[in-house]
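So this block is my_file_10.txt, compact mmCIF, C-alpha atoms:
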```txt
# COMPACT_ATOMS: atom_id res chain seq x y z
CA MET L 759 145.52 -41.63 -60.75
CA SER L 760 143.00 -39.40 -59.00
CA LEU L 761 140.38 -36.84 -59.97
CA LYS L 762 140.88 -33.11 -59.65
CA LEU L 763 138.58 -30.12 -60.22
CA SER L 764 139.61 -27.10 -62.22
CA VAL L 765 137.88 -24.05 -63.66
CA ASP L 766 137.88 -23.03 -67.30
CA TRP L 767 138.42 -19.34 -66.48
CA PRO L 768 137.55 -17.72 -69.84
CA ARG L 769 134.25 -19.61 -69.75
CA CYS L 770 133.30 -19.14 -66.09
CA ALA L 771 130.72 -16.38 -65.65
CA ALA L 772 130.28 -16.54 -61.86
CA HIS L 773 126.82 -18.10 -61.88
CA GLY L 774 127.75 -19.75 -58.58
CA LEU L 775 125.78 -22.97 -58.92
CA CYS L 776 128.81 -25.20 -58.36
CA ALA L 777 129.42 -23.77 -54.89
CA GLU L 778 125.75 -24.20 -53.95
CA ILE L 779 125.82 -27.86 -54.92
CA ALA L 780 129.27 -28.79 -53.65
CA PRO L 781 130.24 -26.40 -50.83
CA GLU L 782 132.60 -29.12 -49.57
CA LEU L 783 134.69 -28.69 -52.71
CA ILE L 784 134.04 -25.18 -53.99
CA SER L 785 133.77 -21.79 -52.34
CA LEU L 786 133.07 -18.42 -53.92
CA ASP L 787 135.24 -15.34 -53.72
CA ASP L 788 133.86 -11.82 -53.19
CA TRP L 789 133.02 -11.49 -56.89
CA GLY L 790 131.22 -14.82 -57.06
CA TYR L 791 133.98 -16.72 -58.83
CA PRO L 792 134.78 -20.22 -57.57
CA THR L 793 137.81 -21.40 -55.67
CA VAL L 794 138.17 -25.15 -55.91
CA LEU L 795 139.69 -27.41 -53.31
CA PRO L 796 143.31 -28.03 -54.22
CA GLY L 797 144.44 -31.61 -54.51
CA PRO L 798 142.51 -34.75 -55.41
CA ILE L 799 138.75 -35.03 -54.84
CA PRO L 800 138.04 -37.33 -51.87
CA PRO L 801 136.43 -40.52 -53.28
CA GLN L 802 133.20 -40.00 -51.33
CA LEU L 803 132.75 -36.57 -52.95
CA VAL L 804 133.34 -37.60 -56.59
CA ARG L 805 129.61 -37.95 -57.31
CA LEU L 806 128.94 -34.54 -55.80
CA ALA L 807 131.73 -33.04 -57.91
CA GLU L 808 130.18 -34.58 -61.02
CA ARG L 809 126.80 -33.05 -60.13
CA ALA L 810 128.43 -29.65 -59.67
CA ARG L 811 130.15 -30.00 -63.03
CA MET L 812 126.88 -30.83 -64.79
CA ALA L 813 125.00 -28.02 -63.03
CA CYS L 814 127.25 -25.29 -64.45
CA PRO L 815 125.17 -23.33 -66.98
CA VAL L 816 128.24 -22.84 -69.19
CA LEU L 817 130.11 -26.10 -68.45
CA ALA L 818 133.09 -24.23 -67.05
CA LEU L 819 133.93 -26.74 -64.33
CA ARG L 820 136.31 -29.49 -65.37
CA MET L 821 137.13 -32.78 -63.74
CA GLU L 822 140.41 -34.29 -64.84
CA GLN L 823 142.44 -37.34 -64.07
CA VAL L 824 145.78 -36.38 -62.62
CA PRO L 825 148.71 -38.66 -61.77
CA ASP L 826 149.20 -39.05 -58.01
CA MET I 1317 90.97 -52.89 -61.99
CA PRO I 1318 91.46 -49.23 -61.09
CA THR I 1319 88.41 -47.03 -61.65
CA SER I 1320 90.31 -44.75 -64.05
CA ALA I 1321 90.99 -47.67 -66.38
CA LEU I 1322 87.31 -48.64 -66.19
CA ILE I 1323 86.27 -45.16 -67.27
CA LEU I 1324 88.54 -45.43 -70.31
CA ILE I 1325 86.82 -48.64 -71.37
CA ARG I 1326 83.25 -47.53 -70.65
CA ASP I 1327 83.43 -44.08 -72.14
CA PRO I 1328 84.99 -43.91 -75.60
CA LYS I 1329 85.19 -40.15 -75.22
CA ALA I 1330 87.51 -40.44 -72.22
CA LEU I 1331 90.60 -40.79 -74.43
CA TRP I 1332 89.59 -37.69 -76.31
CA PHE I 1333 89.08 -35.71 -73.08
CA LEU I 1334 92.37 -36.99 -71.70
CA ASN I 1335 94.14 -35.95 -74.89
CA ARG I 1336 92.78 -32.41 -74.74
CA GLY I 1337 93.45 -32.15 -71.02
CA THR I 1338 97.05 -33.30 -71.26
CA GLY I 1339 97.53 -30.81 -74.10
CA PHE I 1340 96.78 -27.89 -71.78
CA VAL I 1341 98.80 -29.39 -68.92
CA LEU I 1342 101.70 -29.75 -71.37
CA LEU I 1343 101.40 -26.13 -72.45
CA SER I 1344 101.58 -25.02 -68.80
CA LEU I 1345 104.47 -27.36 -67.92
CA LEU I 1346 106.51 -26.41 -71.00
CA THR I 1347 105.93 -22.74 -70.19
CA LEU I 1348 107.08 -23.30 -66.60
CA SER I 1349 110.11 -25.16 -67.93
CA VAL I 1350 111.01 -22.26 -70.23
CA VAL I 1351 110.63 -19.75 -67.39
CA LEU I 1352 112.82 -21.84 -65.04
CA GLY I 1353 115.33 -22.43 -67.84
CA VAL I 1354 115.69 -18.70 -68.45
CA MET I 1355 116.12 -18.16 -64.70
CA ALA I 1356 118.73 -20.94 -64.59
CA SER I 1357 120.88 -19.24 -67.21
CA SER I 1358 120.49 -15.77 -65.72
CA ARG I 1359 123.09 -14.21 -63.46
CA ARG I 1360 120.96 -11.39 -62.10
CA LEU I 1361 118.88 -13.20 -59.56
CA PRO I 1362 118.17 -12.10 -56.00
CA LYS I 1363 120.66 -13.41 -53.45
CA TRP I 1364 118.03 -15.35 -51.50
CA TRP I 1365 117.00 -17.41 -54.53
CA PRO I 1366 118.68 -20.82 -54.29
CA ARG I 1367 120.08 -21.20 -57.78
CA PHE I 1368 120.30 -24.97 -57.89
CA VAL I 1369 116.59 -25.23 -56.96
CA GLY I 1370 115.60 -23.37 -60.12
CA ASN I 1371 118.10 -25.32 -62.17
CA GLU I 1372 117.09 -28.76 -60.92
CA LEU I 1373 113.41 -27.80 -61.07
CA HIS I 1374 113.88 -26.83 -64.72
CA ARG I 1375 115.09 -30.35 -65.52
CA ARG I 1376 112.46 -32.09 -63.46
CA VAL I 1377 109.59 -30.06 -64.91
CA ALA I 1378 110.92 -30.84 -68.40
CA LEU I 1379 111.02 -34.56 -67.55
CA LEU I 1380 107.53 -34.35 -66.03
CA SER I 1381 106.27 -32.85 -69.30
CA LEU I 1382 107.83 -35.81 -71.10
CA SER I 1383 105.53 -38.17 -69.19
CA PHE I 1384 102.53 -35.98 -70.02
CA LEU I 1385 103.71 -35.95 -73.63
CA VAL I 1386 103.64 -39.76 -73.67
CA VAL I 1387 100.02 -39.74 -72.43
CA HIS I 1388 99.14 -36.94 -74.87
CA ILE I 1389 100.49 -38.94 -77.82
CA ALA I 1390 99.19 -42.31 -76.62
CA THR I 1391 95.62 -41.02 -76.18
CA ALA I 1392 95.72 -39.39 -79.63
CA VAL I 1393 96.91 -42.64 -81.22
CA LEU I 1394 94.55 -44.95 -79.28
CA ASP I 1395 91.50 -42.78 -79.87
CA SER I 1396 89.65 -44.15 -82.88
CA PHE I 1397 87.75 -40.87 -83.32
CA VAL I 1398 90.62 -39.38 -85.35
CA SER I 1399 93.10 -41.22 -87.56
CA ILE I 1400 96.47 -40.58 -85.96
CA SER I 1401 99.07 -43.37 -86.08
CA LEU I 1402 102.05 -43.89 -83.82
CA LEU I 1403 104.31 -42.89 -86.72
CA ASP I 1404 102.57 -39.49 -86.80
CA SER I 1405 104.13 -38.70 -83.43
CA ILE I 1406 107.61 -38.80 -85.00
CA LEU I 1407 107.04 -38.13 -88.71
CA PRO I 1408 105.30 -34.78 -89.26
CA PHE I 1409 102.60 -33.92 -91.82
CA GLN I 1410 101.45 -37.50 -92.50
CA SER I 1411 98.12 -37.74 -90.70
CA PRO I 1412 94.97 -36.86 -92.66
CA TYR I 1413 93.60 -35.24 -89.48
CA ARG I 1414 94.43 -31.49 -89.50
CA THR I 1415 97.68 -32.35 -91.30
CA ILE I 1416 99.57 -29.07 -90.87
CA TRP I 1417 98.52 -28.28 -87.31
CA LEU I 1418 99.07 -31.80 -86.02
CA GLY I 1419 102.38 -31.88 -87.92
CA LEU I 1420 103.64 -28.76 -86.14
CA GLY I 1421 103.08 -30.59 -82.85
CA THR I 1422 105.09 -33.51 -84.23
CA VAL I 1423 107.95 -31.17 -85.18
CA ALA I 1424 107.82 -29.78 -81.63
CA VAL I 1425 108.04 -33.35 -80.27
CA ASP I 1426 111.09 -34.06 -82.45
CA LEU I 1427 112.79 -30.85 -81.30
CA PHE I 1428 111.93 -31.65 -77.67
CA ILE I 1429 113.50 -35.11 -78.02
CA ALA I 1430 116.63 -33.56 -79.55
CA VAL I 1431 116.85 -31.15 -76.62
CA LEU I 1432 116.42 -33.99 -74.09
CA ILE I 1433 119.05 -36.20 -75.76
CA THR I 1434 121.64 -33.42 -76.00
CA THR I 1435 121.05 -32.52 -72.36
CA GLY I 1436 121.61 -36.16 -71.46
CA LEU I 1437 124.94 -36.01 -73.28
CA ARG I 1438 125.71 -32.50 -72.06
CA GLY I 1439 128.81 -33.48 -70.11
CA ARG I 1440 130.38 -34.90 -73.28
CA MET I 1441 129.59 -31.99 -75.59
CA THR I 1442 131.02 -28.53 -75.91
CA GLU I 1443 128.87 -25.88 -74.33
CA ALA I 1444 128.31 -24.19 -77.73
CA ALA I 1445 127.07 -27.43 -79.35
CA TRP I 1446 124.72 -28.16 -76.46
CA ARG I 1447 123.39 -24.59 -76.46
CA SER I 1448 122.80 -24.50 -80.22
CA VAL I 1449 120.39 -27.42 -79.82
CA HIS I 1450 118.95 -26.23 -76.51
CA VAL I 1451 117.78 -22.86 -77.90
CA LEU I 1452 115.49 -24.86 -80.22
CA SER I 1453 113.28 -25.22 -77.12
CA TYR I 1454 111.92 -21.74 -77.84
CA LEU I 1455 110.95 -22.84 -81.35
CA ALA I 1456 109.45 -26.08 -79.99
CA TRP I 1457 107.44 -24.07 -77.46
CA ALA I 1458 106.09 -21.70 -80.15
CA LEU I 1459 105.23 -24.63 -82.42
CA SER I 1460 103.35 -26.33 -79.57
CA VAL I 1461 101.25 -23.20 -79.06
CA VAL I 1462 100.32 -23.03 -82.76
CA HIS I 1463 99.72 -26.80 -82.73
CA GLY I 1464 97.42 -26.44 -79.74
CA LEU I 1465 95.46 -23.54 -81.21
CA GLY I 1466 95.20 -25.15 -84.65
CA THR I 1467 94.44 -28.73 -83.61
CA GLY I 1468 92.58 -28.13 -80.36
CA THR I 1469 88.81 -28.21 -80.43
CA ASP I 1470 88.64 -25.89 -77.39
CA SER I 1471 90.77 -23.09 -78.87
CA HIS I 1472 87.89 -20.63 -79.13
CA ARG I 1473 86.88 -20.95 -75.49
CA ALA I 1474 87.78 -18.17 -73.08
CA TRP I 1475 89.73 -20.40 -70.69
CA ALA I 1476 91.75 -21.86 -73.56
CA LEU I 1477 92.55 -18.43 -75.00
CA GLY I 1478 93.38 -17.20 -71.52
CA THR I 1479 95.79 -20.08 -70.90
CA ASN I 1480 97.50 -19.49 -74.24
CA ALA I 1481 97.71 -15.74 -73.67
CA GLY I 1482 99.05 -16.17 -70.13
CA CYS I 1483 101.68 -18.70 -71.19
CA GLY I 1484 102.61 -16.49 -74.14
CA ALA I 1485 103.00 -13.41 -71.95
CA LEU I 1486 105.27 -15.31 -69.52
CA VAL I 1487 107.56 -16.58 -72.28
CA ILE I 1488 107.71 -13.14 -73.98
CA LEU I 1489 108.65 -11.62 -70.62
CA CYS I 1490 111.40 -14.23 -70.19
CA LEU I 1491 112.75 -13.69 -73.70
CA VAL I 1492 112.84 -9.90 -73.27
CA TYR I 1493 114.63 -10.27 -69.94
CA ARG I 1494 117.06 -12.79 -71.41
CA LEU I 1495 117.86 -10.67 -74.46
CA LEU I 1496 118.30 -7.51 -72.39
CA THR I 1497 120.67 -9.12 -69.89
CA THR I 1498 122.72 -11.44 -72.10
CA THR I 1499 126.21 -10.45 -73.12
CA ASP I 1500 126.91 -13.43 -75.39
CA LEU I 1501 125.24 -12.04 -78.52
CA ALA I 1502 126.17 -9.12 -80.74
CA LEU I 1503 123.89 -6.08 -80.44
CA PRO I 1504 122.31 -6.32 -83.96
CA ILE I 1505 121.42 -9.98 -83.30
CA ARG I 1506 119.92 -9.09 -79.93
CA VAL I 1507 117.84 -6.30 -81.46
CA GLY I 1508 116.71 -8.63 -84.25
CA LEU I 1509 115.69 -11.34 -81.78
CA LEU I 1510 113.95 -8.74 -79.61
CA VAL I 1511 111.91 -7.58 -82.61
CA ALA I 1512 111.10 -11.24 -83.42
CA THR I 1513 109.96 -11.73 -79.80
CA PHE I 1514 107.11 -9.31 -80.51
CA VAL I 1515 106.53 -9.92 -84.21
CA VAL I 1516 106.14 -13.73 -83.93
CA PRO I 1517 103.46 -13.59 -81.16
CA LEU I 1518 101.63 -10.83 -83.08
CA GLY I 1519 101.72 -13.08 -86.15
CA ILE I 1520 100.32 -15.97 -84.11
CA LEU I 1521 97.62 -13.67 -82.70
CA TRP I 1522 96.65 -12.48 -86.20
CA TRP I 1523 96.56 -16.06 -87.45
CA THR I 1524 94.47 -17.15 -84.44
CA ILE I 1525 91.85 -14.53 -85.24
CA GLN I 1526 91.82 -15.37 -88.96
CA GLY I 1527 92.06 -19.13 -88.44
CA PRO I 1528 90.93 -21.04 -85.32
CA LEU I 1529 88.61 -18.25 -84.12
CA ALA I 1530 86.91 -17.70 -87.50
CA PRO I 1531 83.90 -19.86 -88.44
CA GLY I 1532 84.52 -23.11 -90.28
CA TRP I 1533 88.02 -23.69 -88.89
CA SER I 1534 87.41 -27.41 -88.32
CA HIS I 1535 86.80 -27.81 -92.05
CA ARG I 1536 89.62 -25.53 -93.18
CA ALA I 1537 92.12 -27.13 -90.78
CA GLY I 1538 91.58 -30.40 -92.62
CA THR I 1539 89.27 -32.52 -90.48
CA PRO I 1540 88.20 -35.56 -92.52
CA ALA I 1541 84.44 -35.67 -93.12
CA PRO I 1542 83.35 -38.47 -90.73
CA ALA I 1543 85.22 -36.98 -87.77
CA SER I 1544 84.00 -33.44 -88.45
CA LYS I 1545 80.42 -34.67 -88.74
CA ALA I 1546 80.75 -36.55 -85.47
CA ALA I 1547 82.34 -33.49 -83.85
CA LYS I 1548 79.18 -31.48 -84.48
```
So, in terms of structure tokens, how does the structure I just supplied come out?
Amino acid sequence: MSLKLSVDWPRCAAHGLCAEIAPELISLDDWGYPTVLPGPIPPQLVRLAERARMACPVLALRMEQVPD
Amino acid sequence: MPTSALILIRDPKALWFLNRGTGFVLLSLLTLSVVLGVMASSRRLPKWWPRFVGNELHRRVALLSLSFLVVHIATAVLDSFVSISLLDSILPFQSPYRTIWLGLGTVAVDLFIAVLITTGLRGRMTEAAWRSVHVLSYLAWALSVVHGLGTGTDSHRAWALGTNAGCGALVILCLVYRLLTTTDLALPIRVGLLVATFVVPLGILWWTIQGPLAPGWSHRAGTPAPASKAAK
């Protein structure tokens, strides 16, 4: 099992905080919406991903366990 | 022993001064927290403004006000000048000292604690549930202002009125901005809240003039006889 980031699209309002906190994992497109790194989160970045998830003003960033 | 602790022992009034002082610091910090909180939830910010700074600062200022709140409550309880028990900091409208106005502060404390706890659990709640508690911060802020004006013994002074007016103006500005830019609420609700944003402060202003600023407030607010005599 490993952790993966995903975006709850109906909820996301392009605040852009996630990309400011975790640029290693998330980048923004031209409209300010996030693109998350595909594949599992590297173990050393899990804490950063959690911070980005908590920083979202509308809790639109999800972190899920996925089977390898 | 540190000198500050010595002062507290030597001068029985020190607790009282500290209590009043932390009250005004709290008002300023809570106002700053509201302003930063509104900025954190806004999407129309200049590009150069680092968003996470405002967001993290909002949390840290709120936590800083928690430590001032502890001192504010502790000094009120420890001070023997007025009869306020530790229970009065949680259970509103119990103290004989300015029952209503102290009680409103207690309600604000309870709301503030609810907001802090839900934010601690934010990752495990739905956004709607967290938000429905978090908006109570506005109510807690307004209650603290009325508590300060009604309980405070400095309310009539120019600097105290100025601080209250300044903090009030900032929060009104934030609310107007927030209500004009939000898209989450239906238009009639937004208009209603916008009207309330002006009506509630006007109500507080009217009450301030009739109440704390009018002669004999100390007596009418419910200051027990020995304390009010000593206050003169």
Tell me which residues come within 12 Å of (105.1, -37.7, -71.8), as a compact mmCIF listing (two decimals) with C-alpha atoms, in the frame of the given file, counting all atoms listed in the file in the file's coordinates.
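point27.txt written:
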```
# COMPACT_ATOMS: atom_id res chain seq x y z
CA ASN I 1335 94.14 -35.95 -74.89
CA THR I 1338 97.05 -33.30 -71.26
CA GLY I 1339 97.53 -30.81 -74.10
CA VAL I 1341 98.80 -29.39 -68.92
CA LEU I 1342 101.70 -29.75 -71.37
CA LEU I 1345 104.47 -27.36 -67.92
CA LEU I 1346 106.51 -26.41 -71.00
CA VAL I 1377 109.59 -30.06 -64.91
CA ALA I 1378 110.92 -30.84 -68.40
CA LEU I 1379 111.02 -34.56 -67.55
CA LEU I 1380 107.53 -34.35 -66.03
CA SER I 1381 106.27 -32.85 -69.30
CA LEU I 1382 107.83 -35.81 -71.10
CA SER I 1383 105.53 -38.17 -69.19
CA PHE I 1384 102.53 -35.98 -70.02
CA LEU I 1385 103.71 -35.95 -73.63
CA VAL I 1386 103.64 -39.76 -73.67
CA VAL I 1387 100.02 -39.74 -72.43
CA HIS I 1388 99.14 -36.94 -74.87
CA ILE I 1389 100.49 -38.94 -77.82
CA ALA I 1390 99.19 -42.31 -76.62
CA THR I 1391 95.62 -41.02 -76.18
CA SER I 1405 104.13 -38.70 -83.43
CA VAL I 1425 108.04 -33.35 -80.27
CA PHE I 1428 111.93 -31.65 -77.67
CA ILE I 1429 113.50 -35.11 -78.02
```
Who sits within 7 Å of L:Val794, all atoms listed in the file, same chain under 6 positions skipped, as a PDB file with C-alpha atoms, in the coordinates of the input:
```pdb
ATOM      1  CA  LEU L 763     138.580 -30.120 -60.220  1.00  0.00           C
ATOM      2  CA  SER L 764     139.610 -27.100 -62.220  1.00  0.00           C
ATOM      3  CA  LEU L 783     134.690 -28.690 -52.710  1.00  0.00           C
ATOM      4  CA  ILE L 784     134.040 -25.180 -53.990  1.00  0.00           C
ATOM      5  CA  SER L 785     133.770 -21.790 -52.340  1.00  0.00           C
TER       6      SER L 785
END
```
**Study point:** Nearest to I:Asn1371 by atom-to-atom distance, counting only C-alpha atoms, from L:Leu775, L:Met759, L:Ile799, L:Ala780
**Key:**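 Using only C-alpha atoms, I:Asn1371 sits closest to L:Leu775.
If you measure from each of L:Leu795, L:Glu822, L:Val816, L:Pro801 to L:Glu782 using all atoms listed in the file, the closest one turns out to be L:Leu795.
You will find atom CA of I:Pro1540 at 10.3 Å from atom CA of I:Ser1411.
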**Study point:** Distance of atom CA of I:Thr1469 from atom CA of I:Leu1348, expressed in Å to one decimal place
**Key:**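 Going from atom CA of I:Leu1348 over to atom CA of I:Thr1469, I get 23.4 Å.
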Check your understanding: Using only C-alpha atoms, which residues sit within 10 Å of L:Glu778 once same-chain residues fewer than 5 positions away are excluded, as a PyMOL selection string?
Key -> (chain L and resi 784-786+810+813) or (chain I and resi 1366-1369)
Review point. Taking all atoms listed in the file into account, which of I:Tyr1493, I:Trp1417, I:Trp1475, I:Trp1446 comes nearest chain L?
Key: I:Trp1446
Exercise for review: Could you please determine the separation between atom CA of I:Leu1465 and atom CA of I:Pro1528 in Å, to one decimal place?
Suggested key: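 For atom CA of I:Leu1465 relative to atom CA of I:Pro1528, the distance reads 6.6 Å.
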Review point. Given a cut-off of 9 Å, which residues of chain I touch chain L, counting all atoms listed in the file, written out as a ChimeraX atom specification?
Key: /I:1356-1360,1366-1368,1371-1372,1438-1439,1442-1444,1447
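Shown here are all protein and nucleic acid residues lying within 10 Å of (99.5, -22.9, -79.6), with all atoms listed in the file considered: Gly1339, Phe1340, Leu1343, Trp1417, Leu1420, Gly1421, Trp1457, Ala1458, Leu1459, Ser1460, Val1461, Val1462, His1463, Gly1464, Leu1465, Gly1466, Thr1467, Gly1468, Ser1471, Ala1476, Leu1477, Thr1479, Asn1480, Ala1481, Cys1483, Gly1484, Ile1520, Leu1521 and Thr1524 of chain I.
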Review point. Using only C-alpha atoms, which of the listed residues (L:Leu819, L:Leu806, L:Val765, L:Val824) sits closest to L:Pro781?
Key: L:Leu806
